[in-house]
>>> print(open('final.txt').read())   # compact mmCIF, C-alpha atoms
# COMPACT_ATOMS: atom_id res chain seq x y z
CA MET A 707 87.38 41.98 44.11
CA THR A 708 90.90 40.72 44.67
CA THR A 709 93.80 42.43 42.97
CA GLY A 710 97.45 41.65 43.16
CA ILE A 711 100.07 39.49 41.61
CA ASP A 712 98.90 36.24 40.07
CA LEU A 713 101.64 33.77 40.92
CA LEU A 714 99.97 31.12 38.80
CA ALA A 715 100.17 33.11 35.57
CA PRO A 716 101.48 30.81 32.83
CA GLY A 717 104.19 33.17 31.71
CA VAL A 718 105.92 33.17 28.36
CA THR A 719 108.73 30.92 27.20
CA ILE A 720 111.91 32.03 25.46
CA THR A 721 114.55 29.75 23.97
CA LEU A 722 118.15 30.15 25.10
CA THR A 723 121.09 29.75 22.71
CA ASP A 724 121.71 26.21 23.99
CA GLY A 725 118.15 25.21 23.05
CA THR A 726 116.78 25.28 26.61
CA ALA A 727 113.20 26.54 26.92
CA LEU A 728 113.02 29.13 29.69
CA PRO A 729 109.59 30.08 31.07
CA LEU A 730 109.37 33.64 32.39
CA VAL A 731 107.08 34.02 35.39
CA TYR A 732 107.33 37.02 37.70
CA SER A 733 106.81 35.95 41.28
CA PHE A 734 107.09 38.21 44.31
CA ARG A 735 110.69 37.06 44.66
CA GLY A 736 111.52 38.04 41.10
CA LEU A 737 109.84 41.42 41.44
CA ALA A 738 111.67 42.03 44.71
CA LEU A 739 114.96 41.35 42.92
CA ILE A 740 114.09 43.95 40.28
CA GLU A 741 113.22 46.45 43.00
CA ALA A 742 116.44 45.72 44.89
CA ARG A 743 118.46 46.40 41.77
CA PHE A 744 116.62 49.36 40.25
CA GLY A 745 114.63 50.85 43.15
CA SER A 746 111.25 50.07 41.60
CA VAL A 747 109.81 47.98 38.82
CA SER A 748 108.96 51.07 36.75
CA ALA A 749 112.52 52.43 37.16
CA VAL A 750 113.81 49.67 34.87
CA GLN A 751 112.25 51.37 31.85
CA GLY A 752 113.73 54.66 32.99
CA ALA A 753 117.18 53.06 33.22
CA ILE A 754 116.89 51.74 29.68
CA ARG A 755 115.66 55.08 28.31
CA ALA A 756 118.20 57.19 30.21
CA ASP A 757 121.25 55.13 29.33
CA GLY A 758 120.14 53.87 25.95
CA ALA A 759 121.70 50.57 27.02
CA ALA A 760 119.26 47.71 27.17
CA PHE A 761 121.36 44.57 27.44
CA GLY A 762 122.33 44.79 31.13
CA PRO A 763 118.85 45.65 32.41
CA LEU A 764 117.27 43.02 30.13
CA ILE A 765 119.51 40.29 31.51
CA GLU A 766 118.36 41.20 35.00
CA ILE A 767 114.68 41.50 34.03
CA ILE A 768 114.71 38.15 32.23
CA GLY A 769 116.65 36.62 35.13
CA ALA A 770 114.04 37.82 37.61
CA GLY A 771 111.40 36.00 35.53
CA ALA A 772 113.57 32.86 35.42
CA VAL A 773 113.82 32.59 39.21
CA ALA A 774 110.27 31.25 39.63
CA SER A 775 110.93 28.42 37.16
CA GLY A 776 113.85 27.26 39.32
CA GLN A 777 116.23 27.22 36.36
CA PHE A 778 118.36 30.16 37.50
CA GLU A 779 119.42 31.49 40.89
CA PRO A 780 120.37 35.10 41.59
CA HIS A 781 123.85 35.96 42.82
CA ILE A 782 123.75 39.49 44.18
CA ARG A 783 126.71 41.84 44.02
CA GLU A 784 126.46 44.81 46.31
CA HIS A 785 128.54 47.46 47.98
CA GLN A 786 128.16 49.46 51.15
CA ASP A 787 128.61 53.20 50.95
CA ALA A 788 130.35 55.41 53.52
CA LYS A 789 127.07 55.92 55.37
CA GLY A 790 126.56 52.17 55.74
CA LYS A 791 123.78 51.85 53.16
CA ARG A 792 123.92 48.79 50.94
CA HIS A 793 123.41 49.13 47.18
CA VAL A 794 122.81 46.26 44.77
CA THR A 795 125.11 46.90 41.82
CA GLU A 796 124.42 43.78 39.79
CA ILE A 797 122.51 40.54 39.94
CA VAL A 798 124.07 37.65 38.04
CA TYR A 799 121.71 34.78 37.26
CA LYS A 800 123.38 31.38 37.16
CA ARG A 801 122.12 27.92 36.36
CA ARG A 802 123.15 24.88 38.40
CA ASP A 803 125.65 23.96 35.69
CA GLY A 804 127.38 27.32 36.32
CA LYS A 805 126.34 28.97 33.06
CA GLN A 806 125.28 32.59 33.36
CA LEU A 807 122.03 33.75 31.80
CA GLY A 808 123.78 36.57 29.94
CA ASP A 809 125.92 34.03 28.11
CA LEU A 810 122.81 32.14 26.97
CA LEU A 811 120.95 35.11 25.46
CA HIS A 812 121.50 36.18 21.86
CA PRO A 813 121.80 39.91 21.05
CA GLY A 814 119.90 39.38 17.79
CA ARG A 815 116.81 38.31 19.74
CA LEU A 816 116.46 41.59 21.65
CA ASP A 817 112.96 42.29 20.29
CA GLU A 818 111.82 38.73 21.08
CA TYR A 819 113.08 39.00 24.66
CA THR A 820 111.51 42.42 25.18
CA THR A 821 108.14 41.21 23.91
CA ALA A 822 108.32 38.04 26.01
CA PHE A 823 109.23 39.71 29.31
CA THR A 824 106.62 42.44 28.75
CA LYS A 825 103.87 39.87 28.16
CA ALA A 826 104.96 37.68 31.10
CA PHE A 827 105.22 40.71 33.36
CA GLU A 828 101.73 41.90 32.39
CA GLN A 829 100.33 38.40 33.03
CA SER A 830 101.83 38.30 36.49
CA LEU A 831 100.23 41.60 37.47
CA LYS A 832 96.71 40.61 36.49
CA SER A 833 94.38 39.66 39.29
CA ALA A 834 92.07 36.67 39.27
CA GLU A 835 89.38 38.98 37.81
CA GLY A 836 91.78 40.30 35.15
CA ASN A 837 92.22 43.81 36.58
CA GLY A 838 95.88 44.47 37.23
CA GLU A 839 95.67 48.27 37.43
CA ALA A 840 95.97 48.42 41.23
CA ALA A 841 99.02 46.16 41.28
CA ALA A 842 100.68 47.99 38.40
CA ALA A 843 100.13 51.33 40.12
CA ALA A 844 101.50 50.13 43.45
CA ARG A 845 104.55 52.03 44.63
CA PRO A 846 107.48 50.23 46.20
CA VAL A 847 107.80 50.49 49.94
CA GLU A 848 111.26 51.45 51.09
CA THR A 849 112.34 49.55 54.16
CA VAL A 850 115.45 49.97 56.18
CA THR A 851 117.11 46.69 56.97
CA PRO A 852 119.89 46.36 59.46
CA SER A 853 123.25 45.24 58.18
CA PRO A 854 123.66 41.48 58.38
CA GLY A 855 127.25 42.04 59.43
CA LEU A 856 130.47 41.47 57.61
CA SER A 857 130.42 39.65 54.32
CA ALA A 858 132.70 39.10 51.37
CA THR A 859 131.73 42.56 50.10
CA THR A 860 132.32 44.45 53.35
CA SER A 861 135.06 44.69 55.90
CA PRO A 862 135.38 46.35 59.29
CA SER A 863 136.46 49.94 59.31
CA VAL A 864 139.83 50.86 60.75
CA PRO A 865 139.85 53.43 63.56
CA SER A 866 141.49 56.75 62.73
CA THR A 867 143.97 56.17 65.55
CA PHE A 868 145.32 53.00 63.92
CA HIS A 869 148.99 53.20 62.95
CA PRO A 870 150.55 50.10 61.40
CA SER A 871 153.90 49.05 62.76
CA SER A 872 156.85 49.33 60.47
CA SER A 873 158.00 46.13 58.82
CA GLY A 874 161.57 46.66 60.02
CA THR A 875 160.85 46.51 63.76
>>> encode(input="final.txt", output="structure tokens")
Amino acid sequence: MTTGIDLLAPGVTITLTDGTALPLVYSFRGLALIEARFGSVSAVQGAIRADGAAFGPLIEIIGAGAVASGQFEPHIREHQDAKGKRHVTEIVYKRRDGKQLGDLLHPGRLDEYTTAFTKAFEQSLKSAEGNGEAAAAARPVETVTPSPGLSATTSPSVPSTFHPSSSGT
């Protein structure tokens, strides 16, 4: 018996405000994006319950399902804390035309979006035999990745012995 994520699951389609049909399919890449942002796939529900705010997490959940269709690409915003650990603070999903997913979702369709992502997510976790319990119960594995170096979101630290010269000399 094989269990795991079915990357060929048909997904569910939602319609964006510009009339574009957007299929939601949760691939490994999409699930990894959710984990990078929230720590685990199950933590998304906790974030919605704890904050009472659903719009931000839903944009990111729907965006993660839109990655597999190739219609949207993730743009990750992160910061590095004082201990050097990187934290993903937001993932913005953009289409090739530059439009952001959040601008193409309608607040009045919240129930429709929630139902669609839930169904698509469940489909992706079913195995070929239809038993997705093992995949759904899987816990995320925390890995430590070395820093890729300086980026637009990081800068080198200044030594404590650094003293800038005065502008008058």
>>> residues_around(input="final.txt", residues="Leu807 of chain A", least_positions_apart="4", cutoff="12 Å", atoms="all atoms listed in the file", output="JSON, numbers by chain")
{"A": [721, 722, 723, 724, 726, 728, 761, 762, 764, 765, 766, 767, 768, 769, 770, 771, 772, 773, 777, 778, 779, 780, 781, 797, 798, 799, 800, 801, 802, 803, 811, 812]}
>>> atom_distance(input="final.txt", atom1="atom CA of Val718 of chain A", atom2="atom CA of Ser746 of chain A")
22.1 Å
>>> closest_residue(input="final.txt", among="A:Asp787, A:Gln751, A:Phe744, A:Val731", to="Gln829 of chain A", atoms="all atoms listed in the file")
A:Val731
>>> atom_distance(input="final.txt", atom1="atom CA of Arg783 of chain A", atom2="atom CA of Ala760 of chain A")
19.3 Å
>>> residues_around(input="final.txt", residues="Thr719 of chain A", least_positions_apart="2", cutoff="8 Å", atoms="only C-alpha atoms", output="ChimeraX atom specification")
/A:717,721,727-730,822
>>> write_last_selection(input="final.txt", atoms="C-alpha atoms", output="PDB file, keeping the file's coordinate frame")
ATOM      1  CA  GLY A 717     104.190  33.170  31.710  1.00  0.00           C
ATOM      2  CA  THR A 721     114.550  29.750  23.970  1.00  0.00           C
ATOM      3  CA  ALA A 727     113.200  26.540  26.920  1.00  0.00           C
ATOM      4  CA  LEU A 728     113.020  29.130  29.690  1.00  0.00           C
ATOM      5  CA  PRO A 729     109.590  30.080  31.070  1.00  0.00           C
ATOM      6  CA  LEU A 730     109.370  33.640  32.390  1.00  0.00           C
ATOM      7  CA  ALA A 822     108.320  38.040  26.010  1.00  0.00           C
TER       8      ALA A 822
END
>>> atom_distance(input="final.txt", atom1="atom CA of Glu741 of chain A", atom2="atom CA of Thr795 of chain A")
12.0 Å
>>> decode(input="final.txt", residues="segment 725-740 of chain A", atoms="N, CA and C atoms", output="short mmCIF file (atom, residue, chain, number, x, y, z; two decimals), in the first residue's frame")
data_model
loop_
_atom_site.label_atom_id
_atom_site.label_comp_id
_atom_site.auth_asym_id
_atom_site.auth_seq_id
_atom_site.Cartn_x
_atom_site.Cartn_y
_atom_site.Cartn_z
N GLY A 725 -12.23 37.06 -13.72
CA GLY A 725 -12.82 36.01 -14.54
C GLY A 725 -11.89 34.83 -14.81
N THR A 726 -10.66 34.88 -14.38
CA THR A 726 -9.70 33.81 -14.59
C THR A 726 -10.05 32.61 -13.72
N ALA A 727 -10.09 31.42 -14.32
CA ALA A 727 -10.29 30.18 -13.56
C ALA A 727 -8.94 29.76 -13.00
N LEU A 728 -8.90 29.51 -11.70
CA LEU A 728 -7.66 29.16 -11.03
C LEU A 728 -7.79 27.79 -10.38
N PRO A 729 -7.13 26.77 -10.95
CA PRO A 729 -7.17 25.45 -10.31
C PRO A 729 -6.25 25.43 -9.09
N LEU A 730 -6.74 24.84 -8.00
CA LEU A 730 -5.95 24.68 -6.79
C LEU A 730 -5.49 23.24 -6.68
N VAL A 731 -4.19 23.04 -6.74
CA VAL A 731 -3.60 21.71 -6.59
C VAL A 731 -2.41 21.87 -5.65
N TYR A 732 -2.38 21.06 -4.61
CA TYR A 732 -1.31 21.19 -3.62
C TYR A 732 -0.20 20.19 -3.87
N SER A 733 0.85 20.69 -4.49
CA SER A 733 2.04 19.88 -4.76
C SER A 733 2.97 19.94 -3.56
N PHE A 734 4.04 19.19 -3.59
CA PHE A 734 5.03 19.27 -2.52
C PHE A 734 5.54 20.70 -2.37
N ARG A 735 5.77 21.35 -3.49
CA ARG A 735 6.26 22.73 -3.44
C ARG A 735 5.29 23.65 -2.71
N GLY A 736 4.01 23.54 -3.03
CA GLY A 736 3.00 24.35 -2.37
C GLY A 736 2.91 24.06 -0.89
N LEU A 737 2.96 22.79 -0.52
CA LEU A 737 2.91 22.42 0.89
C LEU A 737 4.16 22.90 1.63
N ALA A 738 5.30 22.86 0.96
CA ALA A 738 6.53 23.36 1.57
C ALA A 738 6.44 24.87 1.82
N LEU A 739 5.79 25.58 0.93
CA LEU A 739 5.60 27.02 1.12
C LEU A 739 4.73 27.30 2.35
N ILE A 740 3.68 26.50 2.53
CA ILE A 740 2.82 26.65 3.70
C ILE A 740 3.62 26.38 4.97
#
